[in-house]
Structure formats: structure tokens, C-alpha cells
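Remarks on the structure that follows.
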Amino acid sequence: MHACVIHKAGDFRVEEFTPSAPGPGEVAVTVAFGGICGSDLHYYRHGRVGDFTIREPMVLGHEIVGHVAALGPGADGPAVGTPVAVHPATPCGHCTECSSGRRNVCADTRYLGSAARTPHVQGGFAQHVTVPGAQIRALPPTLDLRRAVLAEPLSVALHAVRRAGDVRGKRVLVTGAGPIGCLVTAVLHHKGAAEIVVSDLMDTPLRIARACGATGFVRADEPDAPVWGAPFDVSVEASGAPAGLRACVERTGRGGTVVLLGLLPPGEVPLLGNITVTRELELRGAFRFDTEFDEAIELLAGPLPVDAIVTHTFPLPDAQAAFDIAHDRTVASKVLLDLTHT
């Protein structure tokens, strides 16, 4: 068996490993596909994501689908061979946040492929993973695994739009047309937003955003383009760039809502505080997701327009090339690893 392991910034290896047998209540999964996330790329290139820093070798990846390989003693899960998606989070279940329905911000949660805690939680870019049975979701028989692998990032998008409130009939700006921004666009379209304008610095991501339901798109370096138009009711910052946050605050109208979704660089980031005050803007953070995972699977089994987001698939031995091209936003959006090949 093999896995993709990050040791430090720039030090990424496909290594042999010995999978563990499922213990009580656990389910073993043979992983078929894994989606490379922006956080995986940050770990690879910078050794950190926001304030989460690599301190020991860690298997990357948290967007995974595959088939049930084995059930541990007492595990309540789908039968062996069933195609499944893996919810990457295991909240503690008893803290104030978990008790109040905000399990996605549980401070003691375990999240696949995350350096938020030490020891790090090993991720899913491995040919065989073992997780608690509660993290397993059987997939509809008509849902292709390559499409199902979008369940985790789509859940992030669903949660962000939920944080924005009712978007029906509203004019919405999305800054950043990476995979998350494009999935946010698809969700906004599904939820009835009247107008969805997406901004980015690259043309390829903007074309993908259009395929996902954007009604308008604009280069972020064209501040006077007519498509910007009137102030927006809602803005979703999905780029993780300070300039994206500035655009959201500047272009959201009085009484509007700005959702901060992209993880910004560590440390302090400039904020247009006076505009936020005088327009009475609401700034809302959006972090990960919880029950949205089940809604994401349901939507993916339907006609949600997201297929354009998956641009490349690489076999596991070519994981280095997969990570390199995933960083090239002129050609790539969501890049998948096919873990069935060694």
C-alpha cells in the first residue's frame, strides 16, 4: 500500500505504509479517488495552511471516495463493496459548540489530513484508510465516483451560502473562481440568486465559473468593467487573498453581508473598517461544514452543473505532477488522484 506524505514545505513523497485493521466501530475503505484541495497545496508549497503548521510527517487529503473494504467489530456501516464517500470530520460531540449545533467549529475535532492539532490527523490520500463508521456515507448507485469526490468541497460551499442567509433574488459577488468559488457559484444558482458575478485574475477559472452558473464574470484587475455594476447584496470571499476581501467590502451595499470563506494569510490583514461601519455590513466567517455533507451527496446525484470543475486525473505514482499542475490555475481547477493504480 502507498500514501502521499508531506514532511515539510516542498518535501512531498509517495511512500509505502501498512494500513491498520478496523477496530470496534470502524470501517476500512479502499480509496478510489482523492481531490487535491487548496489546503493540500498550501501544505505542499508552504508547510502550513493559515495558522496550521506541519510539525511531523502527515498523509495529505480529505476529499476521498472509494469502496467499503471491511467492517470492524460492532461497526454499523454499508456492506463490503459498497461505494462510499468519507466525511472528513470527527467532532468531540460534547463541547459547547457541538451541543449547540455548531460541530464544524469544535475546537477538539479531528479532520483528515489536518495539522491543526499534534499529533496531526493523517489524511485520505492513501490506498486504504480506516475511519469511525459515523464518517461513512453510502453513495447513490447512479452517482459516479469522479463526481462524488466533490462532496467535501461542495459541503464547504453549501455551508458558506447558508452563512450568507436567504440569497433568493439577490445580487451576489464571488471573489475567487477556484474549485470552491465555482462550487459556491453552483450553490448560489441552485438556491435562486438572481445575479452571480464572479471575479478572478485568470481566464480559465472564470470560464469554469460560467459553466457552473455565473451570470457574469470579470477580471479582478479590471476595476472599471461594466459588469461590476451596482453594489451587491451579498459577497462571498473565496480567494483567500486580502485583495479579494477588500473587493467584497468595497462592493457590498449598505446593510449587506460579506462571507469570509477563503483562509487569508497568517497574521493581520487590512480591513476597510470605516466602510464596514458606515454601511453596517455584516462580516460572517464560514469554516468547513457539518450536515451539509449529506445534502452535497444528494445534489451531486442530480443535475447540479459542476462537472467542468474536475479538469485532470492522475494515477498515484504521478502525484507530484498532479500537485504541480493543480497549482497552475491557467489550466487546472480540481485535480484528482486515482489511488487504484500503483
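To be explicit about the labels: the chains of the C-alpha cells are called A, B, and onward in the order shown, and within each one the residues are counted from 1, while ligands get numbers from 1 in the order they are shown.
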### Message
as an MDAnalysis selection string, please: every residue in range 122-315 of chain A that DSSP puts in helix (DSSP H, G or I).
### Response
chainID A and resid 133:135 145:148 151:164 179:190 203:211 226:228 242:251 273:278 292:300 307:309
### Message
So that I can see what lies close to Ile325 in chain A, please list as an NGL selection string the residues with an atom at most 10 Å from it, counting only C-alpha atoms and leaving out residues fewer than 5 positions away in the same chain.
### Response
:A and (312 or 319-320 or 330-335)
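Among the candidate residues A:Arg110, A:His42, A:Arg329, A:Arg48, the one lying nearest to Asp200 in chain A is A:Arg329, with distances computed using only C-alpha atoms.
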#### Entry: Nearest to Val14 in chain A by atom-to-atom distance, counting only C-alpha atoms, from A:Leu336, A:Ile309, A:Ala321, A:Ala209
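Among the listed residues, the smallest separation from Val14 in chain A belongs to A:Ala321.
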#### Entry: Pick from A:Phe287, A:Gly262, A:Asp224, A:Leu299 nearest to Ala107 in chain A, counting only C-alpha atoms
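For Ala107 in chain A, the nearest of the given residues is A:Phe287.
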Identify, on the basis of only C-alpha atoms, every residue whose closest approach to Asp290 in chain A does not exceed 12 Å; exclude the query and any residue fewer than 2 positions from it along the same chain; express the result as a short mmCIF file (atom, residue, chain, number, x, y, z; two decimals) with N, CA and C atoms, in the first residue's frame.
data_model
loop_
_atom_site.label_atom_id
_atom_site.label_comp_id
_atom_site.auth_asym_id
_atom_site.auth_seq_id
_atom_site.Cartn_x
_atom_site.Cartn_y
_atom_site.Cartn_z
N HIS A 87 -16.88 11.41 5.17
CA HIS A 87 -16.94 12.71 5.83
C HIS A 87 -15.64 12.86 6.62
N PRO A 88 -14.89 13.95 6.40
CA PRO A 88 -13.54 14.00 6.99
C PRO A 88 -13.47 14.42 8.44
N ALA A 89 -14.59 14.81 9.06
CA ALA A 89 -14.53 15.39 10.40
C ALA A 89 -15.09 14.46 11.47
N THR A 90 -14.43 14.44 12.62
CA THR A 90 -14.94 13.76 13.81
C THR A 90 -14.93 14.74 14.97
N PRO A 91 -16.01 15.50 15.18
CA PRO A 91 -16.06 16.43 16.32
C PRO A 91 -16.09 15.66 17.63
N GLU A 97 -19.84 23.98 21.52
CA GLU A 97 -20.13 24.13 20.09
C GLU A 97 -20.88 22.92 19.55
N CYS A 98 -20.44 21.73 19.89
CA CYS A 98 -21.13 20.54 19.43
C CYS A 98 -22.56 20.49 19.97
N GLY A 101 -25.11 22.78 18.04
CA GLY A 101 -25.31 22.59 16.60
C GLY A 101 -24.26 23.24 15.72
N ARG A 102 -23.08 23.53 16.29
CA ARG A 102 -22.01 24.13 15.51
C ARG A 102 -20.77 23.23 15.57
N ARG A 103 -20.98 21.97 15.23
CA ARG A 103 -19.90 20.98 15.32
C ARG A 103 -18.74 21.31 14.39
N ASN A 104 -18.99 22.09 13.33
CA ASN A 104 -17.92 22.41 12.39
C ASN A 104 -16.84 23.30 13.01
N VAL A 105 -17.15 23.98 14.13
CA VAL A 105 -16.13 24.80 14.79
C VAL A 105 -15.70 24.21 16.13
N CYS A 106 -15.95 22.93 16.33
CA CYS A 106 -15.47 22.24 17.53
C CYS A 106 -13.95 22.35 17.59
N THR A 109 -12.04 18.88 17.26
CA THR A 109 -12.39 17.97 16.17
C THR A 109 -11.14 17.37 15.55
N TYR A 111 -9.82 16.13 11.87
CA TYR A 111 -10.15 16.34 10.46
C TYR A 111 -9.05 15.71 9.61
N GLN A 135 -18.46 8.31 9.91
CA GLN A 135 -17.96 9.16 8.84
C GLN A 135 -18.27 8.61 7.45
N ALA A 151 -18.00 15.93 -3.08
CA ALA A 151 -18.93 16.07 -1.94
C ALA A 151 -18.34 16.94 -0.84
N GLU A 152 -17.06 16.76 -0.53
CA GLU A 152 -16.48 17.54 0.57
C GLU A 152 -16.38 19.03 0.22
N PRO A 153 -15.77 19.42 -0.91
CA PRO A 153 -15.73 20.85 -1.21
C PRO A 153 -17.11 21.45 -1.47
N LEU A 154 -18.04 20.67 -2.02
CA LEU A 154 -19.39 21.17 -2.20
C LEU A 154 -20.04 21.45 -0.85
N SER A 155 -19.73 20.64 0.15
CA SER A 155 -20.25 20.88 1.50
C SER A 155 -19.75 22.21 2.05
N VAL A 156 -18.49 22.52 1.79
CA VAL A 156 -17.92 23.80 2.20
C VAL A 156 -18.71 24.94 1.55
N ALA A 157 -18.99 24.80 0.26
CA ALA A 157 -19.76 25.82 -0.46
C ALA A 157 -21.17 25.95 0.09
N LEU A 158 -21.81 24.84 0.37
CA LEU A 158 -23.16 24.88 0.93
C LEU A 158 -23.19 25.60 2.27
N HIS A 159 -22.18 25.32 3.10
CA HIS A 159 -22.15 25.98 4.40
C HIS A 159 -21.93 27.48 4.25
N ALA A 160 -21.07 27.88 3.32
CA ALA A 160 -20.82 29.30 3.12
C ALA A 160 -22.08 30.03 2.66
N ARG A 162 -25.11 29.04 3.19
CA ARG A 162 -26.02 29.05 4.34
C ARG A 162 -25.67 30.19 5.29
N ALA A 286 -17.03 31.54 7.55
CA ALA A 286 -17.59 30.23 7.18
C ALA A 286 -16.45 29.22 7.20
N PHE A 287 -16.54 28.24 8.09
CA PHE A 287 -15.45 27.29 8.27
C PHE A 287 -15.97 25.86 8.13
N ARG A 288 -15.44 25.16 7.15
CA ARG A 288 -15.79 23.76 6.92
C ARG A 288 -17.29 23.58 6.80
N GLU A 292 -24.10 19.44 6.02
CA GLU A 292 -24.19 19.76 4.59
C GLU A 292 -23.62 18.64 3.72
N PHE A 293 -22.81 17.76 4.31
CA PHE A 293 -22.22 16.66 3.53
C PHE A 293 -23.29 15.79 2.90
N ASP A 294 -24.35 15.52 3.63
CA ASP A 294 -25.43 14.68 3.10
C ASP A 294 -26.19 15.41 1.99
N GLU A 295 -26.40 16.71 2.17
CA GLU A 295 -27.06 17.49 1.12
C GLU A 295 -26.19 17.53 -0.14
N ALA A 296 -24.87 17.62 0.04
CA ALA A 296 -23.96 17.66 -1.10
C ALA A 296 -24.06 16.39 -1.93
#
#### Entry: Residues near Ile6 in chain A, cut-off 12 Å, only C-alpha atoms, skip fewer than 6 positions along chain, as a VMD selection string
chain A and resid 12 to 15 40 to 48 53 to 61 113 to 115 120 122 to 123 125 319 to 320 323
Shell around range 182-193 of chain A at 9 Å using only C-alpha atoms, local window under 6 positions removed, as a PDB file with all heavy atoms, in the first residue's frame:
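Result written to out_16.pdb:
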ATOM      1  N   LEU A 150     -16.458  15.369  -5.245  1.00  0.00           N
ATOM      2  CA  LEU A 150     -16.713  16.786  -4.977  1.00  0.00           C
ATOM      3  C   LEU A 150     -17.581  16.999  -3.740  1.00  0.00           C
ATOM      4  O   LEU A 150     -17.862  18.149  -3.376  1.00  0.00           O
ATOM      5  CB  LEU A 150     -17.390  17.434  -6.190  1.00  0.00           C
ATOM      6  CG  LEU A 150     -16.549  17.559  -7.459  1.00  0.00           C
ATOM      7  CD1 LEU A 150     -17.408  18.082  -8.606  1.00  0.00           C
ATOM      8  CD2 LEU A 150     -15.342  18.468  -7.233  1.00  0.00           C
ATOM      9  N   PRO A 153     -15.770  19.416  -0.912  1.00  0.00           N
ATOM     10  CA  PRO A 153     -15.734  20.852  -1.211  1.00  0.00           C
ATOM     11  C   PRO A 153     -17.111  21.451  -1.473  1.00  0.00           C
ATOM     12  O   PRO A 153     -17.340  22.627  -1.159  1.00  0.00           O
ATOM     13  CB  PRO A 153     -14.831  20.942  -2.445  1.00  0.00           C
ATOM     14  CG  PRO A 153     -14.859  19.579  -3.045  1.00  0.00           C
ATOM     15  CD  PRO A 153     -14.997  18.636  -1.895  1.00  0.00           C
ATOM     16  N   LEU A 154     -18.035  20.667  -2.018  1.00  0.00           N
ATOM     17  CA  LEU A 154     -19.394  21.174  -2.200  1.00  0.00           C
ATOM     18  C   LEU A 154     -20.044  21.447  -0.850  1.00  0.00           C
ATOM     19  O   LEU A 154     -20.806  22.416  -0.697  1.00  0.00           O
ATOM     20  CB  LEU A 154     -20.235  20.183  -3.007  1.00  0.00           C
ATOM     21  CG  LEU A 154     -21.695  20.576  -3.245  1.00  0.00           C
ATOM     22  CD1 LEU A 154     -21.811  21.926  -3.952  1.00  0.00           C
ATOM     23  CD2 LEU A 154     -22.414  19.486  -4.055  1.00  0.00           C
ATOM     24  N   VAL A 156     -18.486  22.517   1.785  1.00  0.00           N
ATOM     25  CA  VAL A 156     -17.923  23.803   2.198  1.00  0.00           C
ATOM     26  C   VAL A 156     -18.709  24.944   1.551  1.00  0.00           C
ATOM     27  O   VAL A 156     -19.049  25.949   2.197  1.00  0.00           O
ATOM     28  CB  VAL A 156     -16.430  23.885   1.813  1.00  0.00           C
ATOM     29  CG1 VAL A 156     -15.873  25.282   2.071  1.00  0.00           C
ATOM     30  CG2 VAL A 156     -15.624  22.842   2.579  1.00  0.00           C
ATOM     31  N   ALA A 157     -18.994  24.800   0.263  1.00  0.00           N
ATOM     32  CA  ALA A 157     -19.756  25.824  -0.458  1.00  0.00           C
ATOM     33  C   ALA A 157     -21.169  25.954   0.089  1.00  0.00           C
ATOM     34  O   ALA A 157     -21.688  27.069   0.255  1.00  0.00           O
ATOM     35  CB  ALA A 157     -19.781  25.487  -1.947  1.00  0.00           C
ATOM     36  N   LEU A 158     -21.814  24.839   0.368  1.00  0.00           N
ATOM     37  CA  LEU A 158     -23.163  24.875   0.926  1.00  0.00           C
ATOM     38  C   LEU A 158     -23.191  25.596   2.268  1.00  0.00           C
ATOM     39  O   LEU A 158     -24.094  26.394   2.545  1.00  0.00           O
ATOM     40  CB  LEU A 158     -23.695  23.448   1.089  1.00  0.00           C
ATOM     41  CG  LEU A 158     -24.193  22.759  -0.180  1.00  0.00           C
ATOM     42  CD1 LEU A 158     -24.314  21.254   0.049  1.00  0.00           C
ATOM     43  CD2 LEU A 158     -25.535  23.333  -0.624  1.00  0.00           C
ATOM     44  N   ALA A 160     -21.073  27.883   3.323  1.00  0.00           N
ATOM     45  CA  ALA A 160     -20.816  29.304   3.115  1.00  0.00           C
ATOM     46  C   ALA A 160     -22.075  30.029   2.662  1.00  0.00           C
ATOM     47  O   ALA A 160     -22.379  31.133   3.139  1.00  0.00           O
ATOM     48  CB  ALA A 160     -19.700  29.491   2.085  1.00  0.00           C
ATOM     49  N   VAL A 161     -22.818  29.425   1.746  1.00  0.00           N
ATOM     50  CA  VAL A 161     -24.045  30.057   1.269  1.00  0.00           C
ATOM     51  C   VAL A 161     -25.091  30.076   2.386  1.00  0.00           C
ATOM     52  O   VAL A 161     -25.858  31.040   2.518  1.00  0.00           O
ATOM     53  CB  VAL A 161     -24.565  29.348   0.006  1.00  0.00           C
ATOM     54  CG1 VAL A 161     -25.920  29.901  -0.413  1.00  0.00           C
ATOM     55  CG2 VAL A 161     -23.561  29.493  -1.141  1.00  0.00           C
ATOM     56  N   ASP A 166     -30.654  33.872   3.199  1.00  0.00           N
ATOM     57  CA  ASP A 166     -31.505  33.635   2.028  1.00  0.00           C
ATOM     58  C   ASP A 166     -30.979  34.469   0.857  1.00  0.00           C
ATOM     59  O   ASP A 166     -30.955  35.699   0.913  1.00  0.00           O
ATOM     60  CB  ASP A 166     -32.944  34.027   2.356  1.00  0.00           C
ATOM     61  CG  ASP A 166     -33.919  33.656   1.245  1.00  0.00           C
ATOM     62  OD1 ASP A 166     -33.474  33.141   0.196  1.00  0.00           O
ATOM     63  OD2 ASP A 166     -35.130  33.888   1.423  1.00  0.00           O
ATOM     64  N   VAL A 167     -30.549  33.803  -0.215  1.00  0.00           N
ATOM     65  CA  VAL A 167     -29.981  34.516  -1.367  1.00  0.00           C
ATOM     66  C   VAL A 167     -30.963  34.620  -2.523  1.00  0.00           C
ATOM     67  O   VAL A 167     -30.619  35.150  -3.594  1.00  0.00           O
ATOM     68  CB  VAL A 167     -28.680  33.829  -1.854  1.00  0.00           C
ATOM     69  CG1 VAL A 167     -27.611  33.873  -0.769  1.00  0.00           C
ATOM     70  CG2 VAL A 167     -28.948  32.396  -2.307  1.00  0.00           C
ATOM     71  N   ARG A 168     -32.180  34.147  -2.341  1.00  0.00           N
ATOM     72  CA  ARG A 168     -33.153  34.178  -3.436  1.00  0.00           C
ATOM     73  C   ARG A 168     -33.380  35.612  -3.909  1.00  0.00           C
ATOM     74  O   ARG A 168     -33.649  36.513  -3.119  1.00  0.00           O
ATOM     75  CB  ARG A 168     -34.475  33.572  -2.993  1.00  0.00           C
ATOM     76  CG  ARG A 168     -34.434  32.053  -2.827  1.00  0.00           C
ATOM     77  CD  ARG A 168     -35.745  31.532  -2.290  1.00  0.00           C
ATOM     78  NE  ARG A 168     -35.985  32.037  -0.929  1.00  0.00           N
ATOM     79  CZ  ARG A 168     -37.072  31.757  -0.221  1.00  0.00           C
ATOM     80  NH1 ARG A 168     -38.024  30.983  -0.737  1.00  0.00           N
ATOM     81  NH2 ARG A 168     -37.207  32.248   1.006  1.00  0.00           N
ATOM     82  N   GLY A 169     -33.242  35.806  -5.226  1.00  0.00           N
ATOM     83  CA  GLY A 169     -33.486  37.101  -5.830  1.00  0.00           C
ATOM     84  C   GLY A 169     -32.406  38.127  -5.599  1.00  0.00           C
ATOM     85  O   GLY A 169     -32.560  39.289  -6.000  1.00  0.00           O
ATOM     86  N   LYS A 170     -31.295  37.749  -4.985  1.00  0.00           N
ATOM     87  CA  LYS A 170     -30.265  38.731  -4.626  1.00  0.00           C
ATOM     88  C   LYS A 170     -29.134  38.763  -5.659  1.00  0.00           C
ATOM     89  O   LYS A 170     -28.937  37.842  -6.444  1.00  0.00           O
ATOM     90  CB  LYS A 170     -29.709  38.427  -3.240  1.00  0.00           C
ATOM     91  CG  LYS A 170     -30.747  38.653  -2.135  1.00  0.00           C
ATOM     92  CD  LYS A 170     -30.160  38.517  -0.752  1.00  0.00           C
ATOM     93  CE  LYS A 170     -31.205  38.823   0.317  1.00  0.00           C
ATOM     94  NZ  LYS A 170     -30.667  38.688   1.680  1.00  0.00           N
ATOM     95  N   ARG A 171     -28.414  39.885  -5.602  1.00  0.00           N
ATOM     96  CA  ARG A 171     -27.242  40.080  -6.454  1.00  0.00           C
ATOM     97  C   ARG A 171     -26.014  39.741  -5.616  1.00  0.00           C
ATOM     98  O   ARG A 171     -25.776  40.345  -4.561  1.00  0.00           O
ATOM     99  CB  ARG A 171     -27.182  41.533  -6.931  1.00  0.00           C
ATOM    100  CG  ARG A 171     -26.111  41.805  -7.968  1.00  0.00           C
ATOM    101  CD  ARG A 171     -26.313  43.165  -8.628  1.00  0.00           C
ATOM    102  NE  ARG A 171     -25.445  43.271  -9.789  1.00  0.00           N
ATOM    103  CZ  ARG A 171     -24.279  43.892  -9.783  1.00  0.00           C
ATOM    104  NH1 ARG A 171     -23.857  44.499  -8.681  1.00  0.00           N
ATOM    105  NH2 ARG A 171     -23.536  43.942 -10.875  1.00  0.00           N
ATOM    106  N   VAL A 172     -25.211  38.762  -6.092  1.00  0.00           N
ATOM    107  CA  VAL A 172     -24.133  38.205  -5.276  1.00  0.00           C
ATOM    108  C   VAL A 172     -22.806  38.292  -6.021  1.00  0.00           C
ATOM    109  O   VAL A 172     -22.727  38.011  -7.221  1.00  0.00           O
ATOM    110  CB  VAL A 172     -24.418  36.736  -4.907  1.00  0.00           C
ATOM    111  CG1 VAL A 172     -23.353  36.206  -3.954  1.00  0.00           C
ATOM    112  CG2 VAL A 172     -25.807  36.575  -4.285  1.00  0.00           C
ATOM    113  N   VAL A 174     -18.885  36.780  -5.993  1.00  0.00           N
ATOM    114  CA  VAL A 174     -17.971  35.736  -5.512  1.00  0.00           C
ATOM    115  C   VAL A 174     -16.568  36.124  -5.969  1.00  0.00           C
ATOM    116  O   VAL A 174     -16.306  36.225  -7.172  1.00  0.00           O
ATOM    117  CB  VAL A 174     -18.334  34.343  -6.055  1.00  0.00           C
ATOM    118  CG1 VAL A 174     -17.343  33.291  -5.548  1.00  0.00           C
ATOM    119  CG2 VAL A 174     -19.760  33.963  -5.682  1.00  0.00           C
ATOM    120  N   GLY A 176     -12.864  35.005  -6.416  1.00  0.00           N
ATOM    121  CA  GLY A 176     -12.089  33.766  -6.486  1.00  0.00           C
ATOM    122  C   GLY A 176     -12.863  32.676  -7.188  1.00  0.00           C
ATOM    123  O   GLY A 176     -13.903  32.248  -6.697  1.00  0.00           O
ATOM    124  N   PRO A 205     -10.348  29.878 -14.887  1.00  0.00           N
ATOM    125  CA  PRO A 205     -11.315  29.723 -13.804  1.00  0.00           C
ATOM    126  C   PRO A 205     -12.631  30.453 -14.064  1.00  0.00           C
ATOM    127  O   PRO A 205     -13.701  29.955 -13.691  1.00  0.00           O
ATOM    128  CB  PRO A 205     -10.580  30.317 -12.595  1.00  0.00           C
ATOM    129  CG  PRO A 205      -9.143  30.208 -12.928  1.00  0.00           C
ATOM    130  CD  PRO A 205      -9.062  30.406 -14.400  1.00  0.00           C
ATOM    131  N   LEU A 206     -12.569  31.595 -14.712  1.00  0.00           N
ATOM    132  CA  LEU A 206     -13.798  32.337 -14.991  1.00  0.00           C
ATOM    133  C   LEU A 206     -14.679  31.598 -15.987  1.00  0.00           C
ATOM    134  O   LEU A 206     -15.913  31.611 -15.876  1.00  0.00           O
ATOM    135  CB  LEU A 206     -13.459  33.740 -15.504  1.00  0.00           C
ATOM    136  CG  LEU A 206     -12.861  34.689 -14.458  1.00  0.00           C
ATOM    137  CD1 LEU A 206     -12.431  35.998 -15.100  1.00  0.00           C
ATOM    138  CD2 LEU A 206     -13.853  34.956 -13.329  1.00  0.00           C
ATOM    139  N   ILE A 208     -14.849  28.362 -16.211  1.00  0.00           N
ATOM    140  CA  ILE A 208     -15.451  27.279 -15.442  1.00  0.00           C
ATOM    141  C   ILE A 208     -16.587  27.812 -14.580  1.00  0.00           C
ATOM    142  O   ILE A 208     -17.645  27.186 -14.459  1.00  0.00           O
ATOM    143  CB  ILE A 208     -14.382  26.577 -14.592  1.00  0.00           C
ATOM    144  CG1 ILE A 208     -13.351  25.893 -15.506  1.00  0.00           C
ATOM    145  CG2 ILE A 208     -15.010  25.550 -13.651  1.00  0.00           C
ATOM    146  CD1 ILE A 208     -12.151  25.328 -14.770  1.00  0.00           C
ATOM    147  N   ALA A 209     -16.388  28.989 -13.979  1.00  0.00           N
ATOM    148  CA  ALA A 209     -17.446  29.603 -13.167  1.00  0.00           C
ATOM    149  C   ALA A 209     -18.706  29.833 -13.999  1.00  0.00           C
ATOM    150  O   ALA A 209     -19.828  29.643 -13.524  1.00  0.00           O
ATOM    151  CB  ALA A 209     -16.957  30.919 -12.574  1.00  0.00           C
ATOM    152  N   ARG A 210     -18.521  30.235 -15.236  1.00  0.00           N
ATOM    153  CA  ARG A 210     -19.682  30.452 -16.116  1.00  0.00           C
ATOM    154  C   ARG A 210     -20.433  29.144 -16.335  1.00  0.00           C
ATOM    155  O   ARG A 210     -21.668  29.115 -16.316  1.00  0.00           O
ATOM    156  CB  ARG A 210     -19.225  31.030 -17.448  1.00  0.00           C
ATOM    157  CG  ARG A 210     -20.371  31.409 -18.376  1.00  0.00           C
ATOM    158  CD  ARG A 210     -19.864  32.078 -19.633  1.00  0.00           C
ATOM    159  NE  ARG A 210     -20.960  32.580 -20.442  1.00  0.00           N
ATOM    160  CZ  ARG A 210     -20.805  33.212 -21.589  1.00  0.00           C
ATOM    161  NH1 ARG A 210     -19.587  33.437 -22.071  1.00  0.00           N
ATOM    162  NH2 ARG A 210     -21.855  33.641 -22.265  1.00  0.00           N
ATOM    163  N   ALA A 211     -19.685  28.048 -16.525  1.00  0.00           N
ATOM    164  CA  ALA A 211     -20.324  26.742 -16.707  1.00  0.00           C
ATOM    165  C   ALA A 211     -21.067  26.294 -15.454  1.00  0.00           C
ATOM    166  O   ALA A 211     -21.975  25.461 -15.528  1.00  0.00           O
ATOM    167  CB  ALA A 211     -19.274  25.705 -17.103  1.00  0.00           C
ATOM    168  N   CYS A 212     -20.667  26.838 -14.291  1.00  0.00           N
ATOM    169  CA  CYS A 212     -21.292  26.462 -13.019  1.00  0.00           C
ATOM    170  C   CYS A 212     -22.481  27.352 -12.653  1.00  0.00           C
ATOM    171  O   CYS A 212     -23.070  27.168 -11.581  1.00  0.00           O
ATOM    172  CB  CYS A 212     -20.257  26.505 -11.906  1.00  0.00           C
ATOM    173  SG  CYS A 212     -18.974  25.234 -12.041  1.00  0.00           S
ATOM    174  N   GLY A 213     -22.800  28.327 -13.502  1.00  0.00           N
ATOM    175  CA  GLY A 213     -23.986  29.126 -13.237  1.00  0.00           C
ATOM    176  C   GLY A 213     -23.776  30.611 -13.053  1.00  0.00           C
ATOM    177  O   GLY A 213     -24.734  31.342 -12.763  1.00  0.00           O
ATOM    178  N   ALA A 214     -22.536  31.116 -13.201  1.00  0.00           N
ATOM    179  CA  ALA A 214     -22.312  32.549 -13.081  1.00  0.00           C
ATOM    180  C   ALA A 214     -23.073  33.290 -14.172  1.00  0.00           C
ATOM    181  O   ALA A 214     -23.065  32.885 -15.343  1.00  0.00           O
ATOM    182  CB  ALA A 214     -20.818  32.872 -13.171  1.00  0.00           C
ATOM    183  N   VAL A 236     -19.206  36.784  -1.301  1.00  0.00           N
ATOM    184  CA  VAL A 236     -18.526  35.624  -0.722  1.00  0.00           C
ATOM    185  C   VAL A 236     -17.062  35.686  -1.129  1.00  0.00           C
ATOM    186  O   VAL A 236     -16.744  35.633  -2.325  1.00  0.00           O
ATOM    187  CB  VAL A 236     -19.155  34.295  -1.189  1.00  0.00           C
ATOM    188  CG1 VAL A 236     -18.418  33.114  -0.546  1.00  0.00           C
ATOM    189  CG2 VAL A 236     -20.637  34.244  -0.846  1.00  0.00           C
ATOM    190  N   ALA A 238     -13.858  33.975  -1.622  1.00  0.00           N
ATOM    191  CA  ALA A 238     -13.411  32.586  -1.759  1.00  0.00           C
ATOM    192  C   ALA A 238     -11.988  32.479  -2.271  1.00  0.00           C
ATOM    193  O   ALA A 238     -11.536  31.371  -2.582  1.00  0.00           O
ATOM    194  CB  ALA A 238     -14.354  31.821  -2.703  1.00  0.00           C
ATOM    195  N   LEU A 304     -26.838  19.214 -10.724  1.00  0.00           N
ATOM    196  CA  LEU A 304     -26.043  20.387 -10.356  1.00  0.00           C
ATOM    197  C   LEU A 304     -24.876  20.549 -11.345  1.00  0.00           C
ATOM    198  O   LEU A 304     -24.120  19.604 -11.576  1.00  0.00           O
ATOM    199  CB  LEU A 304     -25.497  20.227  -8.938  1.00  0.00           C
ATOM    200  CG  LEU A 304     -24.950  21.498  -8.278  1.00  0.00           C
ATOM    201  CD1 LEU A 304     -26.089  22.434  -7.901  1.00  0.00           C
ATOM    202  CD2 LEU A 304     -24.135  21.138  -7.036  1.00  0.00           C
ATOM    203  N   PRO A 305     -24.712  21.756 -11.941  1.00  0.00           N
ATOM    204  CA  PRO A 305     -23.710  21.928 -13.010  1.00  0.00           C
ATOM    205  C   PRO A 305     -22.295  22.114 -12.488  1.00  0.00           C
ATOM    206  O   PRO A 305     -21.778  23.234 -12.425  1.00  0.00           O
ATOM    207  CB  PRO A 305     -24.210  23.185 -13.733  1.00  0.00           C
ATOM    208  CG  PRO A 305     -24.858  23.999 -12.659  1.00  0.00           C
ATOM    209  CD  PRO A 305     -25.492  22.986 -11.718  1.00  0.00           C
ATOM    210  N   VAL A 306     -21.626  21.029 -12.126  1.00  0.00           N
ATOM    211  CA  VAL A 306     -20.286  21.140 -11.538  1.00  0.00           C
ATOM    212  C   VAL A 306     -19.237  20.287 -12.249  1.00  0.00           C
ATOM    213  O   VAL A 306     -18.069  20.296 -11.856  1.00  0.00           O
ATOM    214  CB  VAL A 306     -20.317  20.750 -10.037  1.00  0.00           C
ATOM    215  CG1 VAL A 306     -21.173  21.738  -9.247  1.00  0.00           C
ATOM    216  CG2 VAL A 306     -20.836  19.327  -9.842  1.00  0.00           C
ATOM    217  N   ILE A 309     -15.655  21.469 -13.233  1.00  0.00           N
ATOM    218  CA  ILE A 309     -14.645  21.774 -12.209  1.00  0.00           C
ATOM    219  C   ILE A 309     -13.522  20.746 -12.208  1.00  0.00           C
ATOM    220  O   ILE A 309     -12.357  21.076 -11.970  1.00  0.00           O
ATOM    221  CB  ILE A 309     -15.314  21.864 -10.824  1.00  0.00           C
ATOM    222  CG1 ILE A 309     -16.259  23.072 -10.783  1.00  0.00           C
ATOM    223  CG2 ILE A 309     -14.276  21.968  -9.710  1.00  0.00           C
ATOM    224  CD1 ILE A 309     -17.096  23.161  -9.530  1.00  0.00           C
TER     225      ILE A 309
END
### Message
What's around Leu272 in chain A at 9 Å? Count only C-alpha atoms, leave out sequence neighbours fewer than 2 positions away in its own chain, and write the answer as a ChimeraX atom specification.
### Response
/A:246,249-250,270,274-277
### Message
Applying 6 Å and only C-alpha atoms, which residues near range 16-24 of chain A remain after dropping the ones on its own chain fewer than 4 positions away? List them as a PyMOL selection string.
### Response
chain A and resi 1-2+28+72-74+130
